[in-house]
Structures are given as structure tokens and as C-alpha cells.
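K.L.:
Handing you this structure, nothing more for now.
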Amino acid sequence: MVDNAAEAVVDPGQALPFATRQRYAEAIEQAKAAASAYYDGDEILVDDATYDAVLARIAATEAAHPHWRAAGSPTGAVAGGAAAGGDIEHSSPMLGLDNVFAEDQLRKWAARLEKLLGRPAAGYTVEPKIDGLAVAAWYADGRLVRIATRGDGRTGEDVTGTARRAAGLPGRLSTEATIEIRGEVFMTDADFEVANAMRAEHDEPVFAHPRSAAAGTLRADKRGYHAPLSFFAYAVHGLDAAMPRSAAVAALETLGVKTTASSGPGMTICDGIDEVLAAVEALREARATLGFGVDGAVIKADTPADRELAGSSSKAPRWAIAYKFPADTRTTTLLGIDVQVGRTGVLTPVATLAPVLFGGVKVTSATLHNFDDLVRRNVRVGDTVFVRRAGDVIPEVVGAKLDERPAGSVPFLPPAHCPRCGGEIDRSQKRWRCTGGRICGARQALAYYATRNAMDIEGLGEKILDQLVGEGMVTDPADLYDLDAGTLATLERFAELSSGKLVAGIAASKGRPLSRLLTALGIRMAGRAMSRRLAAHFGTMRALLAATIDDLQAVDGVGPERAVTIAADLAELTPLIDRLADRGVTMTEPGHDRPGPDGEEPASAPLRKPDGTPMKVVVTGAVPGLTRDEGNEAVERLGGTASGSVSGRTDLVVVGAGAGSKVDKAIALGVRTMPAERFAALLAALTAGEPVTLDEFLTG
Ligand code: IVH
């Protein structure tokens, strides 16, 4: 493609024109090929973001150099300029939609519409823009007689044979109506999996994306299998022409047709553009949970009178607009495939990717699900791959661009043995497992649990762990608390004295605060600092386990990806956490000082700002009596957030012996500093239960 994938949906108003006519002409050819694949083929040549970006640059070039404009430019065409027509003539052109990408553009569109109407629109509807293929379906006396693709907008191809199988498009209506309906044929995410399983069974290459799967299925009349399709109508001709179009679409439901109004997010009727914006946001938030691709919101003036007055250009109606969401599928290079072994011994192939941005979030790895899937998706290291990140879901590699496969690439060789313990692999299920199951990795997990910064269990060294795991006495941390000195003493080389000490050490660990326990559990993306923040924020394990993805994101430094990973690990760890709680392990954070749900104020939190938010504090150099980790822990205990680097957003830098450039940076940025001795004194005062404020210690 002309440029690499765009970071987000490109605002055409900001796109750069091409520098030369030659580059403009090349871009047109590429966009046409991509559009033709999009509308007519099974394969997607470029992801949506790249296509939108190129189209925006073509439009910008045409605005800057109108005389360069090529006759076949996709910016002037009804369906991307390259889609083929067919034998069936549409009753009226199947137009496209103009796009906006941001609130101000939507407001401009509404203002223009208002100007055309000479008054505000009588009402708007907001509905999902379904990521599928437009079709027109004709019913005569209640019977489905013909279905055609959008084609070039004027004529389309007959796809009655395949499209009639789409769920939501009944063979017979509930009355003998003679109508034409227009809508989108698409494939749900679940059906996409089914379709690809069917393809694999028939030794056919898998589809890279639900839309290309829907396109391929729509055109494949002569296959020996039928992949599932779905349909949502968004317009109807032939019902009472005077009623609001939302009512006409709703009436379709009573005839038995599924419509965008009955889709998960439904159709919202809005009075004014502020309500429209709220509905668009609600749709954006719901997008990832719908189970089918939605690439934006469609906003339409609802009354026939407004539509009539506003009219259409040759390409798109002026009474409707698509508010596009950033594409959830992008392309990047597959740099490597690693095999991760989960806590229960499940082996998962994980892709390492050249960094790719999804709406500002950098993604460098994605799941390949399982080894069957990896083979089915036919991806190899070095391939350009499609990566999908739908909302909060962990990114996945959906397929490779086979036409760009580098010469000499080799298929991925799945591991012959467990990469963690070298044990045998059980391949009888889709999810391969190390036959060691939980034992594989138990030693590693237990050793981590016992480390100084985690549960700090004295006496639980490597040799003892090897013995305990080897004898089958311990497979997870909860088993540790069931050990008794008598049983331990029966182990080889285990004197009574040391068994007593170990049991005492293990028992002492029950009193460690929640932040240590969270660290000890080895939750992915939650190391020591993050565990402290989680503990400080939620206060109790119960509150943390009850947290939603949104709740987790309220914690400083937790973005969508981290929130999902933490939530997934916590869910997996819940049985272990329950067993630890049964054995008396502490599940709370002492000194947890956030206001409770009833608005209660914390006892003493000198590192909290007047508005209750934590101060960002950097501890640099040595604090008397504390390790670096304990220094950070103290910051969190005092209500602050510990951070490793100084920036303009830092509120305080604690300066100890041996501090370096961070102090200079703090001074240059005008950030307050505090000598480490005073910080230690502040801590001591708090520990002694004195009510303290930061100011006393800053100045004193
Ligand atoms: S209304 C004249 N509503 O988006 C108005 N289109 O980019 C025509 N689409 O060709 C379209 N969901 O294939 C409309 N709720 C929806 C839609 C929708 C998906 C597709 C449709 C159209 C394309 C325009």
C-alpha cells in the first residue's frame, strides 16, 4: 500500500495530499483494487484504517490539485469506484454514506443539514453501522423472491441462493406485503469461527475477517457446505411512505425481519445533536460486546419530509452520515511465535508483533489461541498479518496476507515437549496441555510466592521447594499452609528444628498485607508497584475480585489491556485465593485509607491531594531504614502513587543519599522535593498514630 496502516481513522480534512501526480495515480489503482476486493472478493487486501487513510489522501490531493483528478477516482464513485455491477437493476441507486470521524465534524454536518432544511431536523436516529455487505431483498405478496448485492450501486449481482439462508431474512413475511428491504448481510464472530472450521474441514484456506467470510459465503452457491450468515435491515420501501423511517423499520420487525433496531444496541431516536452524540458514545462502548462487527454509527434524519428536503448527491444522501469508529483490524508484521505455558499447564502460541496502534494503544503481542487454530489461520513468522482488537478483548491474529508472504518462509513447528518443564504434551484436546498440569510451573510459582518482596517466607529455599514439589506435598501456595512440622521432619535431610522454623515462617506470611499477596500470586501485568496500587485502591480482595474492567481502569496506570489481563488472571486464581483465605491468609490492606463507599474520610493520608486523588511521588536515593521497594510501599500507604520517573505531573520527589539526575529534573520542573530523613520521620509519626500533614514535614 502507499503508506503503512494509519494510527486511527484519518480525518480527511487533515490528510496530506500526495506530492506527485504519479503517486496519486498509484494510490488510485491501489484503492480501487482494495475496494474491489472489499466489495467483490473473499480476501481483504488492506485493513479499513489503511483504506480510509489512502482514500483521505486521494481526496486531499484532488482538493489541492483539481486538474489531476482521474476519471475513475474512487472518491466520486457510488461504491468505491471498483465494485462490479450485475444483472439486477436497483429500483433506485443504492447510495453510500459520507463519513465523519469526530464530534466537530458531526456538528458541522448537522449545521449544514439544518441550513438546507431552514430549521433543525425534526428528529434523528442513531443505529449501528454493520460491517458487512449491502443487499436489496424483494418480497412479493410476502414471499422472498430475489436478493441482489449493492454492486456498483445501480445494478447488482443475484445472490438469492445464498443470501436467503441468512438468519433474519425470512422466506415468508407474516403478511402478504410487497416490499423492498435494504440491509446488511454479515457474519457474527461466533459464525465466523464456525465458517472457518468448515473451510478447514474442506481443506480450503480460512477467511481472514468476518466481512470477507460473509462476502465469500454470499458468492459461493456451489459449495458442499453452507457457512452461516446473518442479516439486519436498515431501510424499507413499500410500507407507508409518510411515517418516520424509524417507525417503518420497526414495522419490519413485526413482519419477521431482523433490523438494526433489534440489534444489540438498537436504534435510538434523538432530539438534537447532543443526544445523537450521547447515543454514538453508548454505541462505541457497547461495540466490543455485540458479537458482530460494527464499524461506526449511522445517523439519519428520521422524517420523510426532512429527507426529501435535504436530498442526495450522486454518492450519498445529505440526510444521513456515518460516524466511523477506529478500525478494529490492522495489519502488521509477525515477528515471532512464542509458546506460553499457563498456570494450569495449558500451552498457548502467542504472536510477537511489530508495534501497531489501536486508537492510541500500542499492541506488540496477540494471541494465536491454540495450535489447531495456528495451522488453520496459516500464519508464519515474517507474514504481514491481520490483527484484531475488539474493545477490551485481548488482541488476536486473525490471518495472514498470503500474497505478501516472504519467499522462503517456513511453517511454524509446534513444540514437541513442554517448553517450561520439558514434559510430555497432551494433544488430545484443542488446548494442548503439559501432562505435568499444575505441577509444571508449580516450583516456579511457589518460589516466586515465597520471595522477599512477595510473601517473604523464611526458610523456603530452592532445595526444600524441590523436595516438597517432588514428593507431591505441595502443588500450589495454599498447600504450604497445610504443612505441619511432623510431616516435614519425615523428609530426607530435614531436621526437626528447621521444619519447625519453616512452618513458623509460613504461618507468619499469613499476616502480609494484600499488596504482598497480589505480588506473590504472579498476576500478569501486575508487578510489585501495580499490586500496591491495586491493594491501595480496592483495600480488600473481595472488592478487587468484584471489580469490573472499568473499575480496574480507575487505578492509575491501568489501561484497557492491563485491566483485561488482570481480570482474567484474577478469575483464574479465584479458587486458589479462596483456599488461601480459608487458611487465614490476610486479604486486606492495612492502612487502606480511601474513603469508604459511605464517603468516610481516611484516617491519615498526607500524600493525598485536597481533592482526594493520590499525589504522584518519586523516591530517589536511599530512605533511612527502608529498601527501595519499602520506600514505594510507604508512599502508597501514605495515600500517594509511587512512580519511577519525574515529569511535570510529579507532585513530590523524596531525595535520599545517592540520588542522581532525578533531583535536577525535579528542580528544573519546579517539583517539590523532600529530604528522605523527613519522609522517614513522616512515616514514623504516622506509624505512631499521630495525625500528620505533609506541610509540617516539608517545612520542618
Ligand atoms: S444506510 C442511503 N444504515 O454502510 C443510505 N447503511 O458506507 C444507505 N451500512 O452501503 C445506507 N449499516 O452497506 C445504512 N445502519 C446502516 C448501515 C449501513 C451498514 C452500510 C451499507 C452502506 C454502507 C455505506
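Starting from 1 in every chain, residues are counted up; chains themselves are A, B, ... following the order of the C-alpha cells, and ligands are numbered from 1 as listed.
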Please identify every polymer residue within 8 Å of ligand 1, using only C-alpha atoms and all ligand atoms, and present the set as a compact mmCIF listing (two decimals) with all heavy atoms, in the first residue's frame.

P.N.:
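Dumped everything to part_21.txt:
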# COMPACT_ATOMS: atom_id res chain seq x y z
N ALA A 79 -19.84 3.12 -5.17
CA ALA A 79 -19.37 2.03 -4.31
C ALA A 79 -17.87 1.87 -4.44
O ALA A 79 -17.37 0.86 -4.91
CB ALA A 79 -20.08 0.73 -4.63
N MET A 94 -28.41 2.42 -4.94
CA MET A 94 -28.04 2.10 -3.56
C MET A 94 -26.84 2.98 -3.23
O MET A 94 -25.71 2.68 -3.63
CB MET A 94 -27.70 0.62 -3.40
CG MET A 94 -28.92 -0.26 -3.43
SD MET A 94 -28.56 -1.99 -3.01
CE MET A 94 -28.42 -1.95 -1.23
N LEU A 95 -27.13 4.08 -2.55
CA LEU A 95 -26.08 5.05 -2.29
C LEU A 95 -25.19 4.62 -1.14
O LEU A 95 -25.51 3.71 -0.39
CB LEU A 95 -26.71 6.41 -1.98
CG LEU A 95 -27.56 7.02 -3.09
CD1 LEU A 95 -28.15 8.35 -2.63
CD2 LEU A 95 -26.76 7.20 -4.38
N GLY A 96 -24.07 5.32 -1.02
CA GLY A 96 -23.19 5.09 0.13
C GLY A 96 -23.47 6.13 1.19
O GLY A 96 -24.53 6.79 1.17
N LEU A 97 -22.55 6.27 2.09
CA LEU A 97 -22.69 7.28 3.15
C LEU A 97 -21.42 8.10 3.21
O LEU A 97 -20.33 7.57 3.02
CB LEU A 97 -22.89 6.59 4.51
CG LEU A 97 -24.20 5.86 4.77
CD1 LEU A 97 -24.09 5.00 6.02
CD2 LEU A 97 -25.34 6.87 4.93
N ASP A 98 -21.57 9.39 3.47
CA ASP A 98 -20.38 10.18 3.78
C ASP A 98 -19.96 9.86 5.20
O ASP A 98 -20.78 9.43 6.01
CB ASP A 98 -20.68 11.68 3.64
CG ASP A 98 -20.81 12.09 2.17
OD1 ASP A 98 -20.16 11.42 1.32
OD2 ASP A 98 -21.55 13.04 1.86
N ASN A 99 -18.69 10.10 5.48
CA ASN A 99 -18.16 9.76 6.81
C ASN A 99 -17.76 10.99 7.59
O ASN A 99 -17.28 11.96 7.02
CB ASN A 99 -16.88 8.92 6.67
CG ASN A 99 -17.15 7.59 6.00
OD1 ASN A 99 -18.19 6.99 6.22
ND2 ASN A 99 -16.21 7.15 5.19
N GLU A 127 -27.99 4.39 14.78
CA GLU A 127 -28.03 2.92 14.75
C GLU A 127 -26.64 2.41 14.38
O GLU A 127 -25.79 3.18 13.88
CB GLU A 127 -29.06 2.45 13.71
CG GLU A 127 -28.68 2.85 12.30
CD GLU A 127 -29.85 2.71 11.32
OE1 GLU A 127 -30.09 1.58 10.88
OE2 GLU A 127 -30.50 3.73 11.02
N PRO A 128 -26.37 1.15 14.64
CA PRO A 128 -25.02 0.64 14.32
C PRO A 128 -24.77 0.57 12.83
O PRO A 128 -25.69 0.30 12.06
CB PRO A 128 -25.02 -0.76 14.94
CG PRO A 128 -26.45 -1.13 15.05
CD PRO A 128 -27.22 0.13 15.25
N LYS A 129 -23.55 0.83 12.44
CA LYS A 129 -23.15 0.62 11.06
C LYS A 129 -22.57 -0.80 11.02
O LYS A 129 -21.49 -1.05 11.57
CB LYS A 129 -22.12 1.67 10.63
CG LYS A 129 -21.75 1.57 9.17
CD LYS A 129 -20.92 2.77 8.76
CE LYS A 129 -20.68 2.81 7.26
NZ LYS A 129 -20.01 1.64 6.73
N ILE A 130 -23.30 -1.68 10.43
CA ILE A 130 -22.92 -3.10 10.44
C ILE A 130 -21.82 -3.33 9.41
O ILE A 130 -21.92 -2.87 8.27
CB ILE A 130 -24.14 -3.99 10.08
CG1 ILE A 130 -25.40 -3.56 10.84
CG2 ILE A 130 -23.82 -5.46 10.28
CD1 ILE A 130 -25.41 -3.83 12.29
N ASP A 131 -20.79 -4.05 9.82
CA ASP A 131 -19.65 -4.26 8.93
C ASP A 131 -19.88 -5.52 8.08
O ASP A 131 -19.35 -6.59 8.37
CB ASP A 131 -18.38 -4.41 9.78
CG ASP A 131 -17.13 -4.28 8.94
OD1 ASP A 131 -17.24 -3.94 7.74
OD2 ASP A 131 -16.04 -4.52 9.48
N GLY A 132 -20.70 -5.35 7.05
CA GLY A 132 -21.00 -6.49 6.18
C GLY A 132 -21.14 -6.02 4.75
O GLY A 132 -20.39 -5.16 4.30
N LEU A 133 -22.11 -6.60 4.04
CA LEU A 133 -22.31 -6.23 2.63
C LEU A 133 -23.76 -5.86 2.41
O LEU A 133 -24.67 -6.57 2.86
CB LEU A 133 -21.97 -7.42 1.73
CG LEU A 133 -20.52 -7.84 1.85
CD1 LEU A 133 -20.43 -9.11 2.64
CD2 LEU A 133 -19.91 -7.99 0.49
N ALA A 134 -23.96 -4.75 1.70
CA ALA A 134 -25.32 -4.28 1.49
C ALA A 134 -26.02 -5.15 0.45
O ALA A 134 -25.43 -5.51 -0.58
CB ALA A 134 -25.29 -2.83 1.02
N VAL A 135 -27.28 -5.47 0.73
CA VAL A 135 -28.10 -6.16 -0.27
C VAL A 135 -29.49 -5.53 -0.30
O VAL A 135 -29.89 -4.86 0.64
CB VAL A 135 -28.26 -7.68 0.04
CG1 VAL A 135 -26.94 -8.42 -0.05
CG2 VAL A 135 -28.94 -7.91 1.37
N ARG A 150 -25.24 -4.89 -3.63
CA ARG A 150 -25.26 -3.48 -3.99
C ARG A 150 -24.57 -3.26 -5.34
O ARG A 150 -24.93 -2.37 -6.10
CB ARG A 150 -24.53 -2.70 -2.90
CG ARG A 150 -24.43 -1.24 -3.15
CD ARG A 150 -23.67 -0.60 -2.01
NE ARG A 150 -23.45 0.80 -2.25
CZ ARG A 150 -22.51 1.50 -1.63
NH1 ARG A 150 -21.72 0.92 -0.76
NH2 ARG A 150 -22.36 2.78 -1.88
N GLY A 183 -30.51 -3.82 3.48
CA GLY A 183 -29.82 -4.05 4.75
C GLY A 183 -28.47 -4.69 4.52
O GLY A 183 -27.95 -4.71 3.40
N GLU A 184 -27.94 -5.20 5.58
CA GLU A 184 -26.57 -5.69 5.56
C GLU A 184 -26.53 -7.19 5.86
O GLU A 184 -27.09 -7.64 6.86
CB GLU A 184 -25.80 -4.91 6.65
CG GLU A 184 -24.34 -4.82 6.45
CD GLU A 184 -23.89 -3.72 5.49
OE1 GLU A 184 -24.74 -3.10 4.79
OE2 GLU A 184 -22.67 -3.50 5.42
N ALA A 233 -31.88 -5.45 8.49
CA ALA A 233 -32.39 -4.43 7.55
C ALA A 233 -32.20 -3.05 8.15
O ALA A 233 -32.27 -2.88 9.36
CB ALA A 233 -33.87 -4.67 7.29
N TYR A 234 -31.93 -2.06 7.29
CA TYR A 234 -31.89 -0.68 7.78
C TYR A 234 -32.80 0.26 6.98
O TYR A 234 -32.87 1.44 7.28
CB TYR A 234 -30.46 -0.13 7.84
CG TYR A 234 -29.64 -0.30 6.56
CD1 TYR A 234 -29.95 0.41 5.41
CD2 TYR A 234 -28.55 -1.17 6.54
CE1 TYR A 234 -29.20 0.25 4.26
CE2 TYR A 234 -27.79 -1.33 5.40
CZ TYR A 234 -28.12 -0.62 4.25
OH TYR A 234 -27.39 -0.78 3.12
N ALA A 235 -33.49 -0.28 5.96
CA ALA A 235 -34.41 0.58 5.20
C ALA A 235 -35.48 -0.30 4.55
O ALA A 235 -35.25 -1.48 4.30
CB ALA A 235 -33.65 1.36 4.13
N THR A 260 -31.74 -3.25 12.20
CA THR A 260 -30.74 -2.63 13.09
C THR A 260 -31.41 -2.18 14.39
O THR A 260 -30.75 -2.06 15.41
CB THR A 260 -30.08 -1.41 12.42
OG1 THR A 260 -31.09 -0.58 11.87
CG2 THR A 260 -29.10 -1.81 11.35
N VAL A 294 -19.08 -3.87 14.08
CA VAL A 294 -19.74 -2.58 13.89
C VAL A 294 -18.63 -1.57 13.64
O VAL A 294 -17.74 -1.43 14.48
CB VAL A 294 -20.56 -2.22 15.15
CG1 VAL A 294 -20.96 -0.77 15.14
CG2 VAL A 294 -21.80 -3.10 15.25
N ALA A 297 -21.32 4.44 13.66
CA ALA A 297 -22.74 4.68 13.93
C ALA A 297 -23.29 5.37 12.69
O ALA A 297 -22.59 6.15 12.05
CB ALA A 297 -22.90 5.58 15.13
N VAL A 298 -24.54 5.05 12.33
CA VAL A 298 -25.17 5.78 11.22
C VAL A 298 -26.23 6.69 11.82
O VAL A 298 -27.08 6.25 12.60
CB VAL A 298 -25.80 4.82 10.18
CG1 VAL A 298 -26.39 5.63 9.02
CG2 VAL A 298 -24.78 3.83 9.67
N LYS A 300 -29.25 9.38 10.98
CA LYS A 300 -30.15 9.72 9.87
C LYS A 300 -31.24 10.67 10.36
O LYS A 300 -31.74 10.51 11.48
CB LYS A 300 -30.84 8.45 9.35
CG LYS A 300 -29.89 7.38 8.85
CD LYS A 300 -30.65 6.09 8.51
CE LYS A 300 -29.66 5.00 8.09
NZ LYS A 300 -30.29 3.68 7.96
N ALA A 316 -24.14 9.99 -2.02
CA ALA A 316 -24.66 9.73 -0.68
C ALA A 316 -25.78 10.70 -0.34
O ALA A 316 -25.79 11.83 -0.83
CB ALA A 316 -23.52 9.90 0.33
N PRO A 317 -26.70 10.26 0.51
CA PRO A 317 -27.75 11.19 0.94
C PRO A 317 -27.19 12.27 1.85
O PRO A 317 -26.21 12.03 2.56
CB PRO A 317 -28.73 10.29 1.72
CG PRO A 317 -27.93 9.12 2.15
CD PRO A 317 -26.84 8.94 1.14
N ALA A 320 -28.12 11.69 5.88
CA ALA A 320 -27.51 10.63 6.70
C ALA A 320 -26.00 10.78 6.69
O ALA A 320 -25.43 11.34 5.76
CB ALA A 320 -27.90 9.26 6.16
N ALA A 322 -22.24 8.66 8.29
CA ALA A 322 -21.63 7.60 9.11
C ALA A 322 -20.58 8.22 10.00
O ALA A 322 -19.72 8.96 9.53
CB ALA A 322 -21.00 6.54 8.22

K.L.:
Write out, as CSV, each residue of range 244-349 of chain A that has an atom at most 10 Å from range 441-462 of chain A, together with the closest pair of atoms and their distance in Å to one decimal, counting only C-alpha atoms, rows going by chain and rising number.

P.N.:
residue,atom,partner,partner_atom,distance
A:Val341,CA,A:Gly441,CA,8.3
A:Gly342,CA,A:Gly441,CA,8.4
A:Arg343,CA,A:Gly441,CA,6.9
A:Thr344,CA,A:Gly441,CA,8.4
A:Gly345,CA,A:Gly441,CA,7.6

K.L.:
Would you write out those residues with all heavy atoms, as a JSON list (two decimals), in the first residue's frame?

P.N.:
[["chain", "number", "residue", "atom", "x", "y", "z"],
["A", 341, "VAL", "N", 3.24, -21.11, 28.71],
["A", 341, "VAL", "CA", 2.63, -22.19, 29.48],
["A", 341, "VAL", "C", 1.88, -21.54, 30.64],
["A", 341, "VAL", "O", 2.48, -20.85, 31.46],
["A", 341, "VAL", "CB", 3.70, -23.17, 30.01],
["A", 341, "VAL", "CG1", 3.03, -24.40, 30.59],
["A", 341, "VAL", "CG2", 4.65, -23.55, 28.89],
["A", 342, "GLY", "N", 0.59, -21.74, 30.69],
["A", 342, "GLY", "CA", -0.23, -21.10, 31.73],
["A", 342, "GLY", "C", -0.09, -21.81, 33.06],
["A", 342, "GLY", "O", 0.58, -22.84, 33.17],
["A", 343, "ARG", "N", -0.76, -21.24, 34.05],
["A", 343, "ARG", "CA", -0.66, -21.81, 35.40],
["A", 343, "ARG", "C", -1.12, -23.25, 35.47],
["A", 343, "ARG", "O", -0.65, -24.03, 36.26],
["A", 343, "ARG", "CB", -1.54, -20.99, 36.34],
["A", 343, "ARG", "CG", -0.80, -19.91, 36.96],
["A", 343, "ARG", "CD", -1.60, -19.24, 38.03],
["A", 343, "ARG", "NE", -1.08, -17.89, 38.09],
["A", 343, "ARG", "CZ", -1.53, -16.91, 37.35],
["A", 343, "ARG", "NH1", -2.54, -17.08, 36.56],
["A", 343, "ARG", "NH2", -0.96, -15.73, 37.41],
["A", 344, "THR", "N", -2.10, -23.60, 34.63],
["A", 344, "THR", "CA", -2.63, -24.96, 34.70],
["A", 344, "THR", "C", -1.95, -25.86, 33.67],
["A", 344, "THR", "O", -2.41, -26.97, 33.42],
["A", 344, "THR", "CB", -4.15, -24.94, 34.44],
["A", 344, "THR", "OG1", -4.35, -24.27, 33.19],
["A", 344, "THR", "CG2", -4.89, -24.21, 35.52],
["A", 345, "GLY", "N", -0.89, -25.37, 33.05],
["A", 345, "GLY", "CA", -0.14, -26.20, 32.11],
["A", 345, "GLY", "C", -0.64, -26.09, 30.67],
["A", 345, "GLY", "O", -0.16, -26.80, 29.78]]

K.L.:
Please measure the separation of CA of Leu502 in chain A and CA of Gly437 in chain A, giving the value in Å to one decimal.

P.N.:
26.5 Å

K.L.:
Select, from A:Asp426, A:Glu103, A:Asp52, A:Asp383, the residue with the minimum atom-to-atom distance to Val346 in chain A, counting only C-alpha atoms.

P.N.:
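Nearest candidate to Val346 in chain A out of A:Asp426, A:Glu103, A:Asp52, A:Asp383: A:Asp426.
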